[in-house]
Amino acid sequence: MARKDNCMKIKVLIVDDSALIRSIMSEIVNSQSDMEVVGVAPDPLVAREMIKKTNPDVLTLDVEMPKMDGLDFLEKLMRLRPMPVLMVSSLTERGSEITLRALELGAVDFVTKPKMSIQSGMREYADLIADKIRAAAKARIKPRKLPVAGEAPLQPLPALKNPLTSSEKLIIIGASTGGTEAIREFLMQMPSDCPGIMITQHMPEGFTRSFARRLDTLCKISVQEAAGGERILPGHAYIAPGHSHLLLARSGANYVTKIEQSEPVNRHRPSVDVLFRSAAQVAGKNAVGVILTGMGKDGAAAMVEMKEAGAHNFAQDEASCIVFGMPREAVLMGGVHEVGALTALPGMVLAYLAAHGMRALRV
């Protein structure tokens with residue numbers, strides 16, 4: 001459940017086997033005027049008792065823990081006592097795989113341990129950590145329904161059966177907090193002949209490749225981390241790399257991906273605004289915009305530009321969002337045509353394409 005009393009400080013319980021990390025995280029949290037550390041624990045067994053005592057609003061959890069596997073602890077926690085959990089992840093391939101699994105199990109978000117000196121690096125990340133804790137405290141947490149043996153996974157929706165629609169139209173997606181699971185659910189329903197898809201998800205370098213690889217194994221369509229210069233093909237999705245902005249560009253008659261390491265926008269690189277703005281400029285009425293769960297306003301202003309350029313835009317509704325920040329801002333600014341639950345959005349997008357996909361070709 002999200003916190004409703006804005007006058008109270010956010011209560012944070014820190015779980016990490018490193019005494020240094022516990023100390024630094026405590027210093028960061030306690031230096032914020034709107035949050036406080038109510039306890040620290042070196043492992044999940046101690047954390048379990050401290051949760052009962054302190055009733056925290058947010059739990060920070062190291063992805064690799066002693067005595068009890070962090071993922072086992074998280075799975076039990078989200079099933080028995082759902083609460084906002086922020087993972088603290090190492091910048092390794094193993095760390096990224098564990099973190100993505102943690103997000104599947106119900107963790108709200110994650111923050112990475114820095115590559116540099118741990119002490120100086122964590123202090124540089126103070127603002128980021130504080131922002132993510134605030135977002136987690138506002139998150140809409142529901143009891144986790146885990147798949148059971150024999151349960152059918154999400155199935156792709158029926159094919160569009162219109163190759164011209166698939167080759168001319170593009171689906172442009174932006175997301176942040178809670179977005180990894182929202183994107184997974186959206187893409188798993190995409191049929192193999194869907195239009196090419198471009199995605200910006202706020203995620204650091206080193207995680208987007210693992211994220212794309214994981215989605216590629218789960219989805220009917222092909223999913224890859226964009227490298228820049230790829231021709232955008234139907235039945236393919238291209239995810240912004242964690243170190244760069246992803247933009248839409250033209251090469252002759254073809255749409256292609258473009259990668260830029262320019263300055264962050266809205267404090268993000270990759271930024272949803274950058275992707276959406278390029279779609280407005282390059283694709284216009286051939287673009288379909290989708291803004292999913294996320295903290296802040298990245299993507300809202302550029303979604304208005306997409307609408308003004310002729311794109312048709314969708315937003316995830318508040319009830320199905322982990323954090324209804326980015327979609328809310330896009331709706332308030334007037335950039336959204338339709339709002340729907342996450343489970344309904346893929347069908348809504350495909351229904352629009354089936355009904356209007358040829359319009360741009362006849363203009």
# chains A, B, ... in the order shown; residues from 1 in each chain; ligands from 1
call {"tool": "closest_atom_pairs", "arguments": {"of": "stretch 153-242 of chain A", "to": "stretch 85-107 of chain A", "cutoff": "7 Å", "atoms": "only C-alpha atoms", "output": "Markdown table"}}
result
| residue | atom | partner | partner_atom | distance |
| --- | --- | --- | --- | --- |
| A:Glu181 | CA | A:Glu104 | CA | 6.3 |
| A:Gly206 | CA | A:Leu91 | CA | 6.8 |
| A:Phe207 | CA | A:Ser96 | CA | 5.5 |
| A:Ser210 | CA | A:Glu97 | CA | 6.6 |
call {"tool": "select_by_dssp", "arguments": {"residues": "stretch 188-324 of chain A", "states": "strand (DSSP E)", "output": "PyMOL selection string"}}
result
chain A and resi 196-201+222-225+236-239+245-251+254-260+287-291+312-316
call {"tool": "closest_atom_pairs", "arguments": {"of": "stretch 52-74 of chain A", "to": "stretch 29-35 of chain A", "cutoff": "12 Å", "atoms": "only C-alpha atoms", "output": "Markdown table"}}
result
| residue | atom | partner | partner_atom | distance |
| --- | --- | --- | --- | --- |
| A:Pro56 | CA | A:Met35 | CA | 10.8 |
| A:Asp57 | CA | A:Met35 | CA | 9.7 |
| A:Val58 | CA | A:Met35 | CA | 10.0 |
| A:Leu59 | CA | A:Val29 | CA | 11.9 |
| A:Thr60 | CA | A:Val29 | CA | 10.9 |
call {"tool": "write_last_selection", "arguments": {"atoms": "C-alpha atoms", "output": "CSV table (one decimal), in the first residue's frame"}}
result
chain,number,residue,atom,x,y,z
A,56,PRO,CA,8.6,0.2,7.6
A,57,ASP,CA,7.2,2.0,4.6
A,58,VAL,CA,10.1,1.0,2.4
A,59,LEU,CA,12.7,-1.8,2.6
A,60,THR,CA,16.0,-1.6,0.8
call {"tool": "residues_around", "arguments": {"residues": "stretch 133-142 of chain A", "least_positions_apart": "3", "cutoff": "9 Å", "atoms": "only C-alpha atoms", "output": "PyMOL selection string"}}
result
chain A and resi 1-4+10-12+29+34-35+57-60+78+82-86+106+108-109+128-130+145+177-178+294-296+319-324
call {"tool": "write_last_selection", "arguments": {"atoms": "C-alpha atoms", "output": "short mmCIF file (atom, residue, chain, number, x, y, z; two decimals), in the first residue's frame"}}
result
data_model
loop_
_atom_site.label_atom_id
_atom_site.label_comp_id
_atom_site.auth_asym_id
_atom_site.auth_seq_id
_atom_site.Cartn_x
_atom_site.Cartn_y
_atom_site.Cartn_z
CA MET A 1 0.00 0.00 0.00
CA ALA A 2 1.18 3.53 -0.75
CA ARG A 3 1.66 5.91 2.16
CA LYS A 4 -1.26 8.31 2.57
CA ILE A 10 9.04 7.70 5.27
CA LYS A 11 10.20 4.84 7.50
CA VAL A 12 13.06 2.91 5.88
CA VAL A 29 18.36 8.41 4.31
CA ASP A 34 11.19 13.50 4.74
CA MET A 35 12.57 10.07 5.65
CA ASP A 57 7.21 2.03 4.59
CA VAL A 58 10.14 0.98 2.37
CA LEU A 59 12.66 -1.85 2.58
CA THR A 60 16.03 -1.62 0.83
CA MET A 78 5.61 -10.17 -1.36
CA PRO A 82 3.53 -7.05 0.48
CA MET A 83 5.48 -3.81 0.84
CA PRO A 84 7.63 -1.49 -1.29
CA VAL A 85 11.09 -2.99 -1.78
CA LEU A 86 14.05 -1.18 -3.39
CA GLY A 106 7.46 -7.59 -7.00
CA VAL A 108 9.40 -1.69 -7.03
CA ASP A 109 12.79 -0.58 -8.35
CA LEU A 128 19.09 9.16 -6.75
CA ILE A 129 18.66 6.83 -3.79
CA ALA A 130 16.42 9.34 -1.98
CA LYS A 145 0.20 -13.59 -7.76
CA THR A 177 9.38 2.92 -12.02
CA GLY A 178 7.56 -0.39 -12.40
CA GLY A 294 6.81 5.78 -13.78
CA MET A 295 7.77 8.51 -11.32
CA GLY A 296 8.12 12.09 -12.56
CA ALA A 319 -5.16 1.54 -10.96
CA SER A 320 -2.68 -0.65 -12.84
CA CYS A 321 0.39 1.62 -12.43
CA ILE A 322 3.01 1.02 -9.76
CA VAL A 323 3.51 4.82 -9.79
CA PHE A 324 1.01 6.98 -11.68
#
call {"tool": "closest_residue", "arguments": {"among": "A:Gln201, A:Ser278, A:Gln261, A:Gln155", "to": "A:Lys220", "atoms": "only C-alpha atoms"}}
result
A:Gln155
call {"tool": "select_by_dssp", "arguments": {"residues": "stretch 184-361 of chain A", "states": "alpha helix (DSSP H)", "output": "PDB file with N, CA, C and O atoms, in the first residue's frame"}}
result
ATOM      1  N   ARG A 184       7.220  -5.939 -20.075  1.00  0.00           N
ATOM      2  CA  ARG A 184       7.153  -7.389 -20.301  1.00  0.00           C
ATOM      3  C   ARG A 184       5.717  -7.808 -20.623  1.00  0.00           C
ATOM      4  O   ARG A 184       5.473  -8.536 -21.599  1.00  0.00           O
ATOM      5  N   GLU A 185       4.758  -7.369 -19.815  1.00  0.00           N
ATOM      6  CA  GLU A 185       3.364  -7.754 -20.036  1.00  0.00           C
ATOM      7  C   GLU A 185       2.853  -7.226 -21.377  1.00  0.00           C
ATOM      8  O   GLU A 185       2.092  -7.908 -22.072  1.00  0.00           O
ATOM      9  N   PHE A 186       3.258  -6.019 -21.736  1.00  0.00           N
ATOM     10  CA  PHE A 186       2.822  -5.437 -23.006  1.00  0.00           C
ATOM     11  C   PHE A 186       3.401  -6.220 -24.184  1.00  0.00           C
ATOM     12  O   PHE A 186       2.676  -6.629 -25.092  1.00  0.00           O
ATOM     13  N   LEU A 187       4.708  -6.455 -24.163  1.00  0.00           N
ATOM     14  CA  LEU A 187       5.357  -7.103 -25.299  1.00  0.00           C
ATOM     15  C   LEU A 187       4.955  -8.562 -25.461  1.00  0.00           C
ATOM     16  O   LEU A 187       4.914  -9.075 -26.587  1.00  0.00           O
ATOM     17  N   MET A 188       4.654  -9.242 -24.359  1.00  0.00           N
ATOM     18  CA  MET A 188       4.269 -10.648 -24.462  1.00  0.00           C
ATOM     19  C   MET A 188       2.947 -10.825 -25.202  1.00  0.00           C
ATOM     20  O   MET A 188       2.654 -11.919 -25.696  1.00  0.00           O
ATOM     21  N   THR A 208      20.229  -2.952 -19.333  1.00  0.00           N
ATOM     22  CA  THR A 208      19.323  -2.986 -20.487  1.00  0.00           C
ATOM     23  C   THR A 208      19.583  -4.189 -21.389  1.00  0.00           C
ATOM     24  O   THR A 208      18.653  -4.747 -21.964  1.00  0.00           O
ATOM     25  N   ARG A 209      20.832  -4.593 -21.518  1.00  0.00           N
ATOM     26  CA  ARG A 209      21.131  -5.761 -22.354  1.00  0.00           C
ATOM     27  C   ARG A 209      20.522  -7.023 -21.754  1.00  0.00           C
ATOM     28  O   ARG A 209      19.912  -7.829 -22.456  1.00  0.00           O
ATOM     29  N   SER A 210      20.673  -7.196 -20.434  1.00  0.00           N
ATOM     30  CA  SER A 210      20.062  -8.347 -19.766  1.00  0.00           C
ATOM     31  C   SER A 210      18.542  -8.287 -19.863  1.00  0.00           C
ATOM     32  O   SER A 210      17.877  -9.311 -20.054  1.00  0.00           O
ATOM     33  N   PHE A 211      17.992  -7.085 -19.726  1.00  0.00           N
ATOM     34  CA  PHE A 211      16.544  -6.886 -19.829  1.00  0.00           C
ATOM     35  C   PHE A 211      16.055  -7.299 -21.224  1.00  0.00           C
ATOM     36  O   PHE A 211      15.084  -8.051 -21.356  1.00  0.00           O
ATOM     37  N   ALA A 212      16.737  -6.827 -22.268  1.00  0.00           N
ATOM     38  CA  ALA A 212      16.343  -7.171 -23.640  1.00  0.00           C
ATOM     39  C   ALA A 212      16.461  -8.675 -23.876  1.00  0.00           C
ATOM     40  O   ALA A 212      15.580  -9.296 -24.498  1.00  0.00           O
ATOM     41  N   ARG A 213      17.549  -9.250 -23.397  1.00  0.00           N
ATOM     42  CA  ARG A 213      17.762 -10.687 -23.592  1.00  0.00           C
ATOM     43  C   ARG A 213      16.663 -11.501 -22.902  1.00  0.00           C
ATOM     44  O   ARG A 213      16.165 -12.494 -23.452  1.00  0.00           O
ATOM     45  N   ARG A 214      16.288 -11.067 -21.712  1.00  0.00           N
ATOM     46  CA  ARG A 214      15.233 -11.765 -20.965  1.00  0.00           C
ATOM     47  C   ARG A 214      13.901 -11.678 -21.711  1.00  0.00           C
ATOM     48  O   ARG A 214      13.176 -12.667 -21.847  1.00  0.00           O
ATOM     49  N   LEU A 215      13.572 -10.474 -22.211  1.00  0.00           N
ATOM     50  CA  LEU A 215      12.324 -10.297 -22.951  1.00  0.00           C
ATOM     51  C   LEU A 215      12.323 -11.114 -24.237  1.00  0.00           C
ATOM     52  O   LEU A 215      11.288 -11.662 -24.640  1.00  0.00           O
ATOM     53  N   ASP A 216      13.459 -11.209 -24.884  1.00  0.00           N
ATOM     54  CA  ASP A 216      13.551 -11.939 -26.141  1.00  0.00           C
ATOM     55  C   ASP A 216      13.202 -13.411 -25.955  1.00  0.00           C
ATOM     56  O   ASP A 216      12.645 -14.047 -26.861  1.00  0.00           O
ATOM     57  N   THR A 217      13.525 -13.964 -24.792  1.00  0.00           N
ATOM     58  CA  THR A 217      13.206 -15.375 -24.529  1.00  0.00           C
ATOM     59  C   THR A 217      11.732 -15.572 -24.192  1.00  0.00           C
ATOM     60  O   THR A 217      11.209 -16.680 -24.320  1.00  0.00           O
ATOM     61  N   LEU A 218      11.054 -14.509 -23.751  1.00  0.00           N
ATOM     62  CA  LEU A 218       9.675 -14.622 -23.288  1.00  0.00           C
ATOM     63  C   LEU A 218       8.642 -14.258 -24.354  1.00  0.00           C
ATOM     64  O   LEU A 218       7.494 -14.685 -24.262  1.00  0.00           O
ATOM     65  N   VAL A 272      12.727   9.511 -21.992  1.00  0.00           N
ATOM     66  CA  VAL A 272      11.527   9.257 -22.787  1.00  0.00           C
ATOM     67  C   VAL A 272      11.210  10.468 -23.661  1.00  0.00           C
ATOM     68  O   VAL A 272      10.804  10.324 -24.816  1.00  0.00           O
ATOM     69  N   ASP A 273      11.399  11.679 -23.134  1.00  0.00           N
ATOM     70  CA  ASP A 273      11.144  12.882 -23.931  1.00  0.00           C
ATOM     71  C   ASP A 273      11.962  12.882 -25.224  1.00  0.00           C
ATOM     72  O   ASP A 273      11.469  13.273 -26.289  1.00  0.00           O
ATOM     73  N   VAL A 274      13.209  12.464 -25.138  1.00  0.00           N
ATOM     74  CA  VAL A 274      14.074  12.451 -26.325  1.00  0.00           C
ATOM     75  C   VAL A 274      13.519  11.492 -27.383  1.00  0.00           C
ATOM     76  O   VAL A 274      13.445  11.826 -28.569  1.00  0.00           O
ATOM     77  N   LEU A 275      13.119  10.289 -26.961  1.00  0.00           N
ATOM     78  CA  LEU A 275      12.559   9.319 -27.909  1.00  0.00           C
ATOM     79  C   LEU A 275      11.245   9.832 -28.493  1.00  0.00           C
ATOM     80  O   LEU A 275      11.035   9.810 -29.717  1.00  0.00           O
ATOM     81  N   PHE A 276      10.328  10.296 -27.640  1.00  0.00           N
ATOM     82  CA  PHE A 276       9.022  10.754 -28.110  1.00  0.00           C
ATOM     83  C   PHE A 276       9.168  11.954 -29.059  1.00  0.00           C
ATOM     84  O   PHE A 276       8.465  12.046 -30.064  1.00  0.00           O
ATOM     85  N   ARG A 277      10.073  12.863 -28.729  1.00  0.00           N
ATOM     86  CA  ARG A 277      10.257  14.046 -29.579  1.00  0.00           C
ATOM     87  C   ARG A 277      10.756  13.640 -30.974  1.00  0.00           C
ATOM     88  O   ARG A 277      10.308  14.175 -31.985  1.00  0.00           O
ATOM     89  N   SER A 278      11.673  12.695 -31.017  1.00  0.00           N
ATOM     90  CA  SER A 278      12.172  12.234 -32.324  1.00  0.00           C
ATOM     91  C   SER A 278      11.064  11.550 -33.111  1.00  0.00           C
ATOM     92  O   SER A 278      10.993  11.678 -34.336  1.00  0.00           O
ATOM     93  N   ALA A 279      10.172  10.839 -32.426  1.00  0.00           N
ATOM     94  CA  ALA A 279       9.051  10.188 -33.108  1.00  0.00           C
ATOM     95  C   ALA A 279       8.101  11.229 -33.694  1.00  0.00           C
ATOM     96  O   ALA A 279       7.583  11.060 -34.801  1.00  0.00           O
ATOM     97  N   ALA A 280       7.870  12.301 -32.939  1.00  0.00           N
ATOM     98  CA  ALA A 280       7.016  13.379 -33.441  1.00  0.00           C
ATOM     99  C   ALA A 280       7.604  13.985 -34.703  1.00  0.00           C
ATOM    100  O   ALA A 280       6.883  14.239 -35.682  1.00  0.00           O
ATOM    101  N   GLN A 281       8.913  14.193 -34.697  1.00  0.00           N
ATOM    102  CA  GLN A 281       9.575  14.868 -35.812  1.00  0.00           C
ATOM    103  C   GLN A 281       9.744  13.972 -37.031  1.00  0.00           C
ATOM    104  O   GLN A 281       9.645  14.434 -38.171  1.00  0.00           O
ATOM    105  N   VAL A 282       9.974  12.685 -36.805  1.00  0.00           N
ATOM    106  CA  VAL A 282      10.318  11.777 -37.909  1.00  0.00           C
ATOM    107  C   VAL A 282       9.124  10.968 -38.406  1.00  0.00           C
ATOM    108  O   VAL A 282       8.950  10.777 -39.613  1.00  0.00           O
ATOM    109  N   ALA A 300       6.065  13.399 -20.893  1.00  0.00           N
ATOM    110  CA  ALA A 300       4.771  14.076 -20.978  1.00  0.00           C
ATOM    111  C   ALA A 300       4.774  15.198 -22.012  1.00  0.00           C
ATOM    112  O   ALA A 300       3.880  15.281 -22.870  1.00  0.00           O
ATOM    113  N   ALA A 301       5.769  16.080 -21.945  1.00  0.00           N
ATOM    114  CA  ALA A 301       5.811  17.219 -22.869  1.00  0.00           C
ATOM    115  C   ALA A 301       5.971  16.754 -24.310  1.00  0.00           C
ATOM    116  O   ALA A 301       5.301  17.264 -25.229  1.00  0.00           O
ATOM    117  N   ALA A 302       6.839  15.775 -24.534  1.00  0.00           N
ATOM    118  CA  ALA A 302       7.068  15.300 -25.902  1.00  0.00           C
ATOM    119  C   ALA A 302       5.892  14.479 -26.414  1.00  0.00           C
ATOM    120  O   ALA A 302       5.683  14.394 -27.626  1.00  0.00           O
ATOM    121  N   MET A 303       5.096  13.904 -25.509  1.00  0.00           N
ATOM    122  CA  MET A 303       3.892  13.201 -25.966  1.00  0.00           C
ATOM    123  C   MET A 303       2.889  14.197 -26.542  1.00  0.00           C
ATOM    124  O   MET A 303       2.167  13.879 -27.499  1.00  0.00           O
ATOM    125  N   VAL A 304       2.850  15.396 -25.978  1.00  0.00           N
ATOM    126  CA  VAL A 304       2.020  16.458 -26.554  1.00  0.00           C
ATOM    127  C   VAL A 304       2.495  16.765 -27.977  1.00  0.00           C
ATOM    128  O   VAL A 304       1.687  16.943 -28.897  1.00  0.00           O
ATOM    129  N   GLU A 305       3.822  16.829 -28.173  1.00  0.00           N
ATOM    130  CA  GLU A 305       4.378  17.084 -29.503  1.00  0.00           C
ATOM    131  C   GLU A 305       4.008  15.954 -30.471  1.00  0.00           C
ATOM    132  O   GLU A 305       3.716  16.201 -31.648  1.00  0.00           O
ATOM    133  N   MET A 306       4.005  14.710 -29.979  1.00  0.00           N
ATOM    134  CA  MET A 306       3.586  13.588 -30.822  1.00  0.00           C
ATOM    135  C   MET A 306       2.131  13.751 -31.252  1.00  0.00           C
ATOM    136  O   MET A 306       1.786  13.565 -32.422  1.00  0.00           O
ATOM    137  N   LYS A 307       1.276  14.134 -30.300  1.00  0.00           N
ATOM    138  CA  LYS A 307      -0.138  14.320 -30.619  1.00  0.00           C
ATOM    139  C   LYS A 307      -0.314  15.422 -31.658  1.00  0.00           C
ATOM    140  O   LYS A 307      -1.086  15.269 -32.623  1.00  0.00           O
ATOM    141  N   GLU A 308       0.395  16.525 -31.468  1.00  0.00           N
ATOM    142  CA  GLU A 308       0.294  17.640 -32.408  1.00  0.00           C
ATOM    143  C   GLU A 308       0.795  17.264 -33.800  1.00  0.00           C
ATOM    144  O   GLU A 308       0.353  17.822 -34.806  1.00  0.00           O
ATOM    145  N   MET A 326       4.305   9.594 -14.547  1.00  0.00           N
ATOM    146  CA  MET A 326       4.474   9.953 -15.955  1.00  0.00           C
ATOM    147  C   MET A 326       3.160   9.902 -16.743  1.00  0.00           C
ATOM    148  O   MET A 326       2.843  10.847 -17.481  1.00  0.00           O
ATOM    149  N   PRO A 327       2.341   8.846 -16.598  1.00  0.00           N
ATOM    150  CA  PRO A 327       1.057   8.864 -17.311  1.00  0.00           C
ATOM    151  C   PRO A 327       0.157  10.018 -16.873  1.00  0.00           C
ATOM    152  O   PRO A 327      -0.498  10.647 -17.709  1.00  0.00           O
ATOM    153  N   ARG A 328       0.117  10.285 -15.569  1.00  0.00           N
ATOM    154  CA  ARG A 328      -0.718  11.383 -15.098  1.00  0.00           C
ATOM    155  C   ARG A 328      -0.313  12.707 -15.728  1.00  0.00           C
ATOM    156  O   ARG A 328      -1.160  13.488 -16.181  1.00  0.00           O
ATOM    157  N   GLU A 329       1.003  12.969 -15.752  1.00  0.00           N
ATOM    158  CA  GLU A 329       1.483  14.230 -16.328  1.00  0.00           C
ATOM    159  C   GLU A 329       1.135  14.323 -17.814  1.00  0.00           C
ATOM    160  O   GLU A 329       0.751  15.393 -18.301  1.00  0.00           O
ATOM    161  N   ALA A 330       1.252  13.217 -18.538  1.00  0.00           N
ATOM    162  CA  ALA A 330       0.917  13.222 -19.968  1.00  0.00           C
ATOM    163  C   ALA A 330      -0.565  13.500 -20.180  1.00  0.00           C
ATOM    164  O   ALA A 330      -0.944  14.238 -21.098  1.00  0.00           O
ATOM    165  N   VAL A 331      -1.406  12.906 -19.326  1.00  0.00           N
ATOM    166  CA  VAL A 331      -2.853  13.151 -19.419  1.00  0.00           C
ATOM    167  C   VAL A 331      -3.176  14.609 -19.097  1.00  0.00           C
ATOM    168  O   VAL A 331      -3.930  15.274 -19.814  1.00  0.00           O
ATOM    169  N   LEU A 332      -2.597  15.134 -18.004  1.00  0.00           N
ATOM    170  CA  LEU A 332      -2.869  16.505 -17.585  1.00  0.00           C
ATOM    171  C   LEU A 332      -2.426  17.518 -18.640  1.00  0.00           C
ATOM    172  O   LEU A 332      -3.062  18.567 -18.811  1.00  0.00           O
ATOM    173  N   LEU A 345      -4.135  -2.488 -22.618  1.00  0.00           N
ATOM    174  CA  LEU A 345      -3.435  -1.592 -23.548  1.00  0.00           C
ATOM    175  C   LEU A 345      -2.966  -2.265 -24.837  1.00  0.00           C
ATOM    176  O   LEU A 345      -3.138  -1.691 -25.926  1.00  0.00           O
ATOM    177  N   PRO A 346      -2.356  -3.450 -24.794  1.00  0.00           N
ATOM    178  CA  PRO A 346      -1.929  -4.057 -26.064  1.00  0.00           C
ATOM    179  C   PRO A 346      -3.078  -4.222 -27.043  1.00  0.00           C
ATOM    180  O   PRO A 346      -2.944  -3.924 -28.234  1.00  0.00           O
ATOM    181  N   GLY A 347      -4.231  -4.690 -26.549  1.00  0.00           N
ATOM    182  CA  GLY A 347      -5.388  -4.848 -27.412  1.00  0.00           C
ATOM    183  C   GLY A 347      -5.913  -3.527 -27.939  1.00  0.00           C
ATOM    184  O   GLY A 347      -6.346  -3.428 -29.100  1.00  0.00           O
ATOM    185  N   MET A 348      -5.879  -2.493 -27.094  1.00  0.00           N
ATOM    186  CA  MET A 348      -6.325  -1.165 -27.518  1.00  0.00           C
ATOM    187  C   MET A 348      -5.437  -0.625 -28.634  1.00  0.00           C
ATOM    188  O   MET A 348      -5.925  -0.060 -29.623  1.00  0.00           O
ATOM    189  N   VAL A 349      -4.124  -0.805 -28.468  1.00  0.00           N
ATOM    190  CA  VAL A 349      -3.179  -0.327 -29.487  1.00  0.00           C
ATOM    191  C   VAL A 349      -3.387  -1.072 -30.799  1.00  0.00           C
ATOM    192  O   VAL A 349      -3.460  -0.466 -31.880  1.00  0.00           O
ATOM    193  N   LEU A 350      -3.508  -2.398 -30.720  1.00  0.00           N
ATOM    194  CA  LEU A 350      -3.683  -3.184 -31.945  1.00  0.00           C
ATOM    195  C   LEU A 350      -5.032  -2.906 -32.607  1.00  0.00           C
ATOM    196  O   LEU A 350      -5.138  -2.902 -33.841  1.00  0.00           O
ATOM    197  N   ALA A 351      -6.065  -2.663 -31.790  1.00  0.00           N
ATOM    198  CA  ALA A 351      -7.378  -2.330 -32.364  1.00  0.00           C
ATOM    199  C   ALA A 351      -7.310  -1.003 -33.113  1.00  0.00           C
ATOM    200  O   ALA A 351      -7.885  -0.861 -34.203  1.00  0.00           O
ATOM    201  N   TYR A 352      -6.603  -0.042 -32.544  1.00  0.00           N
ATOM    202  CA  TYR A 352      -6.441   1.246 -33.233  1.00  0.00           C
ATOM    203  C   TYR A 352      -5.698   1.051 -34.547  1.00  0.00           C
ATOM    204  O   TYR A 352      -6.087   1.593 -35.590  1.00  0.00           O
ATOM    205  N   LEU A 353      -4.633   0.267 -34.510  1.00  0.00           N
ATOM    206  CA  LEU A 353      -3.844   0.033 -35.723  1.00  0.00           C
ATOM    207  C   LEU A 353      -4.667  -0.680 -36.795  1.00  0.00           C
ATOM    208  O   LEU A 353      -4.573  -0.363 -37.981  1.00  0.00           O
ATOM    209  N   ALA A 354      -5.476  -1.643 -36.371  1.00  0.00           N
ATOM    210  CA  ALA A 354      -6.299  -2.373 -37.330  1.00  0.00           C
ATOM    211  C   ALA A 354      -7.323  -1.452 -37.990  1.00  0.00           C
ATOM    212  O   ALA A 354      -7.625  -1.582 -39.179  1.00  0.00           O
ATOM    213  N   ALA A 355      -7.840  -0.488 -37.195  1.00  0.00           N
ATOM    214  CA  ALA A 355      -8.876   0.402 -37.716  1.00  0.00           C
ATOM    215  C   ALA A 355      -8.313   1.581 -38.498  1.00  0.00           C
ATOM    216  O   ALA A 355      -8.939   2.083 -39.426  1.00  0.00           O
ATOM    217  N   HIS A 356      -7.102   2.040 -38.112  1.00  0.00           N
ATOM    218  CA  HIS A 356      -6.569   3.276 -38.681  1.00  0.00           C
ATOM    219  C   HIS A 356      -5.211   3.095 -39.339  1.00  0.00           C
ATOM    220  O   HIS A 356      -4.627   4.076 -39.786  1.00  0.00           O
ATOM    221  N   ARG A 359      -4.566   4.719 -42.780  1.00  0.00           N
ATOM    222  CA  ARG A 359      -4.862   6.122 -43.005  1.00  0.00           C
ATOM    223  C   ARG A 359      -3.627   6.902 -43.454  1.00  0.00           C
ATOM    224  O   ARG A 359      -3.676   7.695 -44.394  1.00  0.00           O
ATOM    225  N   ALA A 360      -2.489   6.665 -42.782  1.00  0.00           N
ATOM    226  CA  ALA A 360      -1.290   7.425 -43.103  1.00  0.00           C
ATOM    227  C   ALA A 360      -0.797   7.147 -44.523  1.00  0.00           C
ATOM    228  O   ALA A 360      -0.231   8.007 -45.164  1.00  0.00           O
ATOM    229  N   LEU A 361      -1.057   5.919 -45.008  1.00  0.00           N
ATOM    230  CA  LEU A 361      -0.587   5.572 -46.347  1.00  0.00           C
ATOM    231  C   LEU A 361      -1.412   6.235 -47.438  1.00  0.00           C
ATOM    232  O   LEU A 361      -0.951   6.401 -48.557  1.00  0.00           O
TER     233      LEU A 361
END
call {"tool": "closest_residue", "arguments": {"among": "A:Glu260, A:Glu168, A:Asp72, A:Glu64", "to": "A:Ile232", "atoms": "only C-alpha atoms"}}
result
A:Glu168
call {"tool": "residues_around", "arguments": {"residues": "A:Ile197", "least_positions_apart": "4", "cutoff": "9 Å", "atoms": "only C-alpha atoms", "output": "tab-separated table (two decimals) with N, CA, C and O atoms, in the first residue's frame"}}
result
chain	number	residue	atom	x	y	z
A	170	LEU	N	4.67	2.65	-36.25
A	170	LEU	CA	5.63	2.37	-35.19
A	170	LEU	C	4.94	2.53	-33.84
A	170	LEU	O	4.09	3.41	-33.67
A	171	ILE	N	5.31	1.70	-32.88
A	171	ILE	CA	4.83	1.83	-31.50
A	171	ILE	C	6.00	2.35	-30.67
A	171	ILE	O	7.08	1.74	-30.65
A	172	ILE	N	5.78	3.46	-29.98
A	172	ILE	CA	6.85	4.14	-29.23
A	172	ILE	C	6.47	4.12	-27.76
A	172	ILE	O	5.44	4.70	-27.37
A	173	ILE	N	7.29	3.49	-26.91
A	173	ILE	CA	6.94	3.25	-25.50
A	173	ILE	C	7.94	3.92	-24.57
A	173	ILE	O	9.14	3.86	-24.78
A	232	ILE	N	14.35	-0.51	-38.42
A	232	ILE	CA	13.26	-0.90	-37.53
A	232	ILE	C	12.28	-1.76	-38.30
A	232	ILE	O	11.63	-1.31	-39.25
A	233	LEU	N	12.17	-3.02	-37.89
A	233	LEU	CA	11.40	-4.02	-38.62
A	233	LEU	C	10.14	-4.41	-37.85
A	233	LEU	O	10.13	-4.39	-36.61
A	234	PRO	N	9.07	-4.79	-38.57
A	234	PRO	CA	7.90	-5.34	-37.89
A	234	PRO	C	8.29	-6.57	-37.06
A	234	PRO	O	9.21	-7.31	-37.43
A	235	GLY	N	7.60	-6.76	-35.95
A	235	GLY	CA	7.88	-7.92	-35.11
A	235	GLY	C	9.16	-7.82	-34.33
A	235	GLY	O	9.64	-8.81	-33.79
A	236	HIS	N	9.73	-6.62	-34.24
A	236	HIS	CA	10.97	-6.39	-33.49
A	236	HIS	C	10.79	-5.22	-32.52
A	236	HIS	O	10.09	-4.25	-32.84
A	237	ALA	N	11.43	-5.32	-31.37
A	237	ALA	CA	11.44	-4.23	-30.39
A	237	ALA	C	12.89	-3.86	-30.08
A	237	ALA	O	13.75	-4.74	-29.97
A	238	TYR	N	13.14	-2.55	-29.94
A	238	TYR	CA	14.48	-2.02	-29.73
A	238	TYR	C	14.48	-1.20	-28.45
A	238	TYR	O	13.73	-0.22	-28.33
A	239	ILE	N	15.31	-1.59	-27.48
A	239	ILE	CA	15.33	-0.95	-26.17
A	239	ILE	C	16.54	-0.02	-26.06
A	239	ILE	O	17.66	-0.39	-26.42
call {"tool": "atom_distance", "arguments": {"atom1": "atom CA of A:Ser222", "atom2": "atom CA of A:Met190"}}
result
10.3 Å
